[in-house]
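First up is the structure itself, then whatever we jot down about it.
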Amino acid sequence: MAWTRTYDEAEPQRINRWLAQSGVCSRREADALIAQGLVAIDGETVLDAGRKIQTGQTLSLSDSAQAKIESGFTVVLHKPTGVVSAQPEGKQIPAVRLLTRSALVGESPTIPDRDTRLAPVGRLDQDSRGLLILSDDGVVAKAVIGPNSELDKEYVVKVSGAITEGKLAKLHHGLSLDGRQLKPAKVWVSGEQTIRFVLTEGRNRQIRRMCDLVDLGVLDLFRVRIGPLRLGNLPQGKWRVLTAQEKAALIAASVSAA
């Protein structure tokens, strides 16, 4: 058996929810594994999608279940400015083109080529830089940008114009875009002409448009974090493979935030 863990919480819990909270897979994916007979409790195959696990019971996934979970491919890229996240137009350079062997940090089971289909999980516009996730893994995509996900994203933004308490208050809460009020954001000054934003939504060019509404010009927009995943010291233009632990953390954080 590939994944085995004993349940130690006081109250019984549905298997799919516990697997999601543990960062193993999404609830929907857990239901599919159960339907295929790939999940067992105390050695007995589970066939009921609504089954709850009790304190002291041990849940196991088969090797083939583990293989299905790990079949997706996800990378972390430090996207430079001038590169588009997704489908390019004209002479634009798509982010996936940067995923070369020479730009790889660490090891990867594969090196993407022109036929590789990796979609941006949370876009970053052409004029912005920083953390970008590219993936063909639906579980990762749902955790980060799914309809029920509220993972926060953190940005360091260099601006022009006077930064006042009134403007910061409006950026925190009080602005609307496209006729809809924005959710509250965490906003604070973190350096000379520098503001940090933590958002739980991702409207099109949201920070740039927010700043424009309070007469601040964006000079540099740098995404440093998505949920528990941080860009860290990954050099600009370089990429690495998302680790199993990081994937688990994204899934678990998404479940906790929802």
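Chain labels follow the order of the structure tokens: the first chain is A, the next B, and so on; residue numbering restarts at 1 in every chain, and ligands are counted from 1 in their shown order.
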In segment 10-195 of chain A, DSSP alpha helix (DSSP H) residues written as a PDB file with C-alpha atoms, in the first residue's frame:
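Output below, filename states_16.pdb:
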ATOM      1  CA  ILE A  15     -13.003   9.736   4.072  1.00  0.00           C
ATOM      2  CA  ASN A  16     -12.987  12.214   1.186  1.00  0.00           C
ATOM      3  CA  ARG A  17     -12.820  15.217   3.515  1.00  0.00           C
ATOM      4  CA  TRP A  18     -10.040  13.724   5.622  1.00  0.00           C
ATOM      5  CA  LEU A  19      -7.939  12.885   2.566  1.00  0.00           C
ATOM      6  CA  ALA A  20      -8.381  16.467   1.331  1.00  0.00           C
ATOM      7  CA  GLN A  21      -7.487  17.946   4.728  1.00  0.00           C
ATOM      8  CA  ARG A  27     -12.649  15.296  -2.302  1.00  0.00           C
ATOM      9  CA  ARG A  28     -13.841  14.538  -5.819  1.00  0.00           C
ATOM     10  CA  GLU A  29     -10.651  12.629  -6.544  1.00  0.00           C
ATOM     11  CA  ALA A  30     -11.078  10.683  -3.293  1.00  0.00           C
ATOM     12  CA  ASP A  31     -14.612   9.726  -4.334  1.00  0.00           C
ATOM     13  CA  ALA A  32     -13.265   8.445  -7.659  1.00  0.00           C
ATOM     14  CA  LEU A  33     -10.607   6.357  -5.913  1.00  0.00           C
ATOM     15  CA  ILE A  34     -13.251   4.840  -3.625  1.00  0.00           C
ATOM     16  CA  ALA A  35     -15.483   4.023  -6.613  1.00  0.00           C
ATOM     17  CA  ASP A  63      -0.167   1.685  -5.255  1.00  0.00           C
ATOM     18  CA  SER A  64      -2.310   2.402  -8.302  1.00  0.00           C
ATOM     19  CA  ALA A  65      -4.231   5.064  -6.352  1.00  0.00           C
ATOM     20  CA  GLN A  66      -0.953   6.736  -5.452  1.00  0.00           C
ATOM     21  CA  ALA A  67       0.138   6.608  -9.090  1.00  0.00           C
ATOM     22  CA  LYS A  68      -3.096   8.287 -10.200  1.00  0.00           C
ATOM     23  CA  ILE A  69      -2.650  11.063  -7.636  1.00  0.00           C
ATOM     24  CA  GLY A 138      -6.664  19.423 -11.936  1.00  0.00           C
ATOM     25  CA  VAL A 139      -6.302  18.892  -8.197  1.00  0.00           C
ATOM     26  CA  VAL A 140      -3.716  21.671  -7.933  1.00  0.00           C
ATOM     27  CA  ALA A 141      -5.797  23.965 -10.138  1.00  0.00           C
ATOM     28  CA  LYS A 142      -8.900  23.432  -8.023  1.00  0.00           C
ATOM     29  CA  ALA A 143      -6.971  24.083  -4.812  1.00  0.00           C
ATOM     30  CA  VAL A 144      -5.580  27.375  -6.091  1.00  0.00           C
ATOM     31  CA  ILE A 145      -8.239  28.843  -8.374  1.00  0.00           C
ATOM     32  CA  GLU A 165      -3.778  56.602   5.310  1.00  0.00           C
ATOM     33  CA  GLY A 166      -6.932  57.440   3.394  1.00  0.00           C
ATOM     34  CA  LYS A 167      -5.706  55.679   0.284  1.00  0.00           C
ATOM     35  CA  LEU A 168      -4.596  52.646   2.280  1.00  0.00           C
ATOM     36  CA  ALA A 169      -8.031  52.485   3.910  1.00  0.00           C
ATOM     37  CA  LYS A 170      -9.738  52.472   0.509  1.00  0.00           C
ATOM     38  CA  LEU A 171      -7.338  49.830  -0.812  1.00  0.00           C
ATOM     39  CA  HIS A 172      -8.126  47.714   2.237  1.00  0.00           C
TER      40      HIS A 172
END
Between A:Arg180, A:Gln36, A:Arg225, A:Val121, which has the minimum distance to Phe197 of chain A (counting only C-alpha atoms)?
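When distances to Phe197 of chain A are compared using only C-alpha atoms, the smallest one comes from A:Arg225.
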Spatial neighbours of Asp113 of chain A, 10 Å, only C-alpha atoms, chain gap at least 3 places, as a PyMOL selection string
chain A and resi 96-100+110+116-117
Residues as selected, C-alpha atoms, written as a short mmCIF file (atom, residue, chain, number, x, y, z; two decimals), in the first residue's frame, can you do that?
data_model
loop_
_atom_site.label_atom_id
_atom_site.label_comp_id
_atom_site.auth_asym_id
_atom_site.auth_seq_id
_atom_site.Cartn_x
_atom_site.Cartn_y
_atom_site.Cartn_z
CA VAL A 96 5.87 27.69 -20.75
CA ARG A 97 8.65 28.54 -23.24
CA LEU A 98 10.92 29.36 -20.29
CA LEU A 99 10.75 25.78 -18.96
CA THR A 100 14.04 24.65 -20.48
CA THR A 110 10.45 15.62 -17.66
CA THR A 116 3.52 20.19 -23.42
CA ARG A 117 0.19 21.53 -22.19
#
Tell me, as a ChimeraX atom specification, which residues lie within 8 Å of Leu231 of chain A, counting only C-alpha atoms; anything in the same chain fewer than 2 positions away does not count.
/A:76,78,130-131,224-225,229,233-234
Since we have the selection now, will you write its residues out, keeping all heavy atoms, as a PDB file, in the first residue's frame?
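Now in part.pdb:
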ATOM      1  N   VAL A  76       6.872  25.442 -10.603  1.00  0.00           N
ATOM      2  CA  VAL A  76       6.903  26.788 -10.027  1.00  0.00           C
ATOM      3  C   VAL A  76       7.904  27.593 -10.838  1.00  0.00           C
ATOM      4  O   VAL A  76       9.057  27.187 -10.992  1.00  0.00           O
ATOM      5  CB  VAL A  76       7.341  26.738  -8.551  1.00  0.00           C
ATOM      6  CG1 VAL A  76       7.462  28.151  -7.989  1.00  0.00           C
ATOM      7  CG2 VAL A  76       6.374  25.908  -7.729  1.00  0.00           C
ATOM      8  N   HIS A  78       9.604  31.525 -11.689  1.00  0.00           N
ATOM      9  CA  HIS A  78       9.769  32.941 -11.361  1.00  0.00           C
ATOM     10  C   HIS A  78       9.652  33.695 -12.684  1.00  0.00           C
ATOM     11  O   HIS A  78      10.622  33.866 -13.410  1.00  0.00           O
ATOM     12  CB  HIS A  78      11.132  33.191 -10.708  1.00  0.00           C
ATOM     13  CG  HIS A  78      11.317  34.603 -10.254  1.00  0.00           C
ATOM     14  ND1 HIS A  78      12.271  34.979  -9.327  1.00  0.00           N
ATOM     15  CD2 HIS A  78      10.683  35.770 -10.582  1.00  0.00           C
ATOM     16  CE1 HIS A  78      12.212  36.274  -9.119  1.00  0.00           C
ATOM     17  NE2 HIS A  78      11.264  36.785  -9.882  1.00  0.00           N
ATOM     18  N   GLY A 130       7.199  37.408 -10.845  1.00  0.00           N
ATOM     19  CA  GLY A 130       7.107  36.659  -9.600  1.00  0.00           C
ATOM     20  C   GLY A 130       6.563  35.263  -9.758  1.00  0.00           C
ATOM     21  O   GLY A 130       6.678  34.631 -10.819  1.00  0.00           O
ATOM     22  N   LEU A 131       5.955  34.773  -8.697  1.00  0.00           N
ATOM     23  CA  LEU A 131       5.523  33.382  -8.590  1.00  0.00           C
ATOM     24  C   LEU A 131       4.389  33.055  -9.559  1.00  0.00           C
ATOM     25  O   LEU A 131       3.325  33.664  -9.524  1.00  0.00           O
ATOM     26  CB  LEU A 131       5.072  33.114  -7.149  1.00  0.00           C
ATOM     27  CG  LEU A 131       4.455  31.757  -6.842  1.00  0.00           C
ATOM     28  CD1 LEU A 131       5.413  30.618  -7.176  1.00  0.00           C
ATOM     29  CD2 LEU A 131       4.041  31.692  -5.371  1.00  0.00           C
ATOM     30  N   VAL A 224       4.833  37.166  -4.521  1.00  0.00           N
ATOM     31  CA  VAL A 224       5.809  36.406  -3.739  1.00  0.00           C
ATOM     32  C   VAL A 224       5.227  35.162  -3.082  1.00  0.00           C
ATOM     33  O   VAL A 224       5.980  34.294  -2.625  1.00  0.00           O
ATOM     34  CB  VAL A 224       6.448  37.296  -2.651  1.00  0.00           C
ATOM     35  CG1 VAL A 224       7.223  38.439  -3.286  1.00  0.00           C
ATOM     36  CG2 VAL A 224       5.393  37.846  -1.682  1.00  0.00           C
ATOM     37  N   ARG A 225       3.891  35.050  -3.053  1.00  0.00           N
ATOM     38  CA  ARG A 225       3.301  33.914  -2.338  1.00  0.00           C
ATOM     39  C   ARG A 225       1.911  33.591  -2.866  1.00  0.00           C
ATOM     40  O   ARG A 225       1.146  34.491  -3.206  1.00  0.00           O
ATOM     41  CB  ARG A 225       3.220  34.234  -0.839  1.00  0.00           C
ATOM     42  CG  ARG A 225       2.612  33.134   0.019  1.00  0.00           C
ATOM     43  CD  ARG A 225       2.670  33.484   1.499  1.00  0.00           C
ATOM     44  NE  ARG A 225       1.867  34.659   1.834  1.00  0.00           N
ATOM     45  CZ  ARG A 225       0.552  34.635   2.047  1.00  0.00           C
ATOM     46  NH1 ARG A 225      -0.126  33.514   1.929  1.00  0.00           N
ATOM     47  NH2 ARG A 225      -0.087  35.755   2.361  1.00  0.00           N
ATOM     48  N   LEU A 229       2.584  28.477  -0.442  1.00  0.00           N
ATOM     49  CA  LEU A 229       3.697  28.347  -1.388  1.00  0.00           C
ATOM     50  C   LEU A 229       4.378  29.699  -1.595  1.00  0.00           C
ATOM     51  O   LEU A 229       3.755  30.659  -2.033  1.00  0.00           O
ATOM     52  CB  LEU A 229       3.189  27.820  -2.730  1.00  0.00           C
ATOM     53  CG  LEU A 229       4.241  27.630  -3.825  1.00  0.00           C
ATOM     54  CD1 LEU A 229       5.251  26.556  -3.432  1.00  0.00           C
ATOM     55  CD2 LEU A 229       3.575  27.280  -5.154  1.00  0.00           C
ATOM     56  N   ASN A 233      13.886  32.036  -2.881  1.00  0.00           N
ATOM     57  CA  ASN A 233      15.054  32.573  -3.587  1.00  0.00           C
ATOM     58  C   ASN A 233      15.215  32.013  -4.993  1.00  0.00           C
ATOM     59  O   ASN A 233      16.306  32.040  -5.549  1.00  0.00           O
ATOM     60  CB  ASN A 233      16.322  32.318  -2.770  1.00  0.00           C
ATOM     61  CG  ASN A 233      16.556  30.826  -2.518  1.00  0.00           C
ATOM     62  OD1 ASN A 233      15.791  29.977  -2.988  1.00  0.00           O
ATOM     63  ND2 ASN A 233      17.596  30.504  -1.773  1.00  0.00           N
ATOM     64  N   LEU A 234      14.137  31.510  -5.576  1.00  0.00           N
ATOM     65  CA  LEU A 234      14.208  31.017  -6.954  1.00  0.00           C
ATOM     66  C   LEU A 234      14.552  32.187  -7.874  1.00  0.00           C
ATOM     67  O   LEU A 234      13.832  33.193  -7.907  1.00  0.00           O
ATOM     68  CB  LEU A 234      12.859  30.411  -7.361  1.00  0.00           C
ATOM     69  CG  LEU A 234      12.794  29.754  -8.748  1.00  0.00           C
ATOM     70  CD1 LEU A 234      13.670  28.500  -8.797  1.00  0.00           C
ATOM     71  CD2 LEU A 234      11.346  29.396  -9.106  1.00  0.00           C
TER      72      LEU A 234
END
Taking only C-alpha atoms into account, name the residue in A:Thr74, A:Ser62, A:Gln206, A:Ser254 that is nearest to Leu134 of chain A.
A:Thr74
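Between Gly122 of chain A and the residues A:Ala252, A:Val187, A:Ala86, A:Val241, the shortest atom-to-atom distance, using only C-alpha atoms, involves A:Ala86.
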For a test of reading the model, state the distance in Å between atom CA of Gln126 of chain A and atom CA of Arg203 of chain A, rounded to one decimal.
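Atom CA of Arg203 of chain A lies at a distance of 15.1 Å from atom CA of Gln126 of chain A.
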So that I can check the secondary structure, give me every residue of segment 63-160 of chain A assigned strand (DSSP E) by backbone DSSP, as a PyMOL selection string.
chain A and resi 74-79+83-84+93-94+119-120+129-135+153-160
Show which residues sit within 12 Å of Glu201 of chain A, as a PyMOL selection string. Count only C-alpha atoms, and ignore same-chain residues fewer than 4 positions away.
chain A and resi 122-123+144-154+181-186+197+205-207+226-227
Just the number, please: distance in Å from atom CA of Trp239 of chain A to atom CA of Val105 of chain A, one decimal.
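Here the two named atoms are 5.9 Å from each other.
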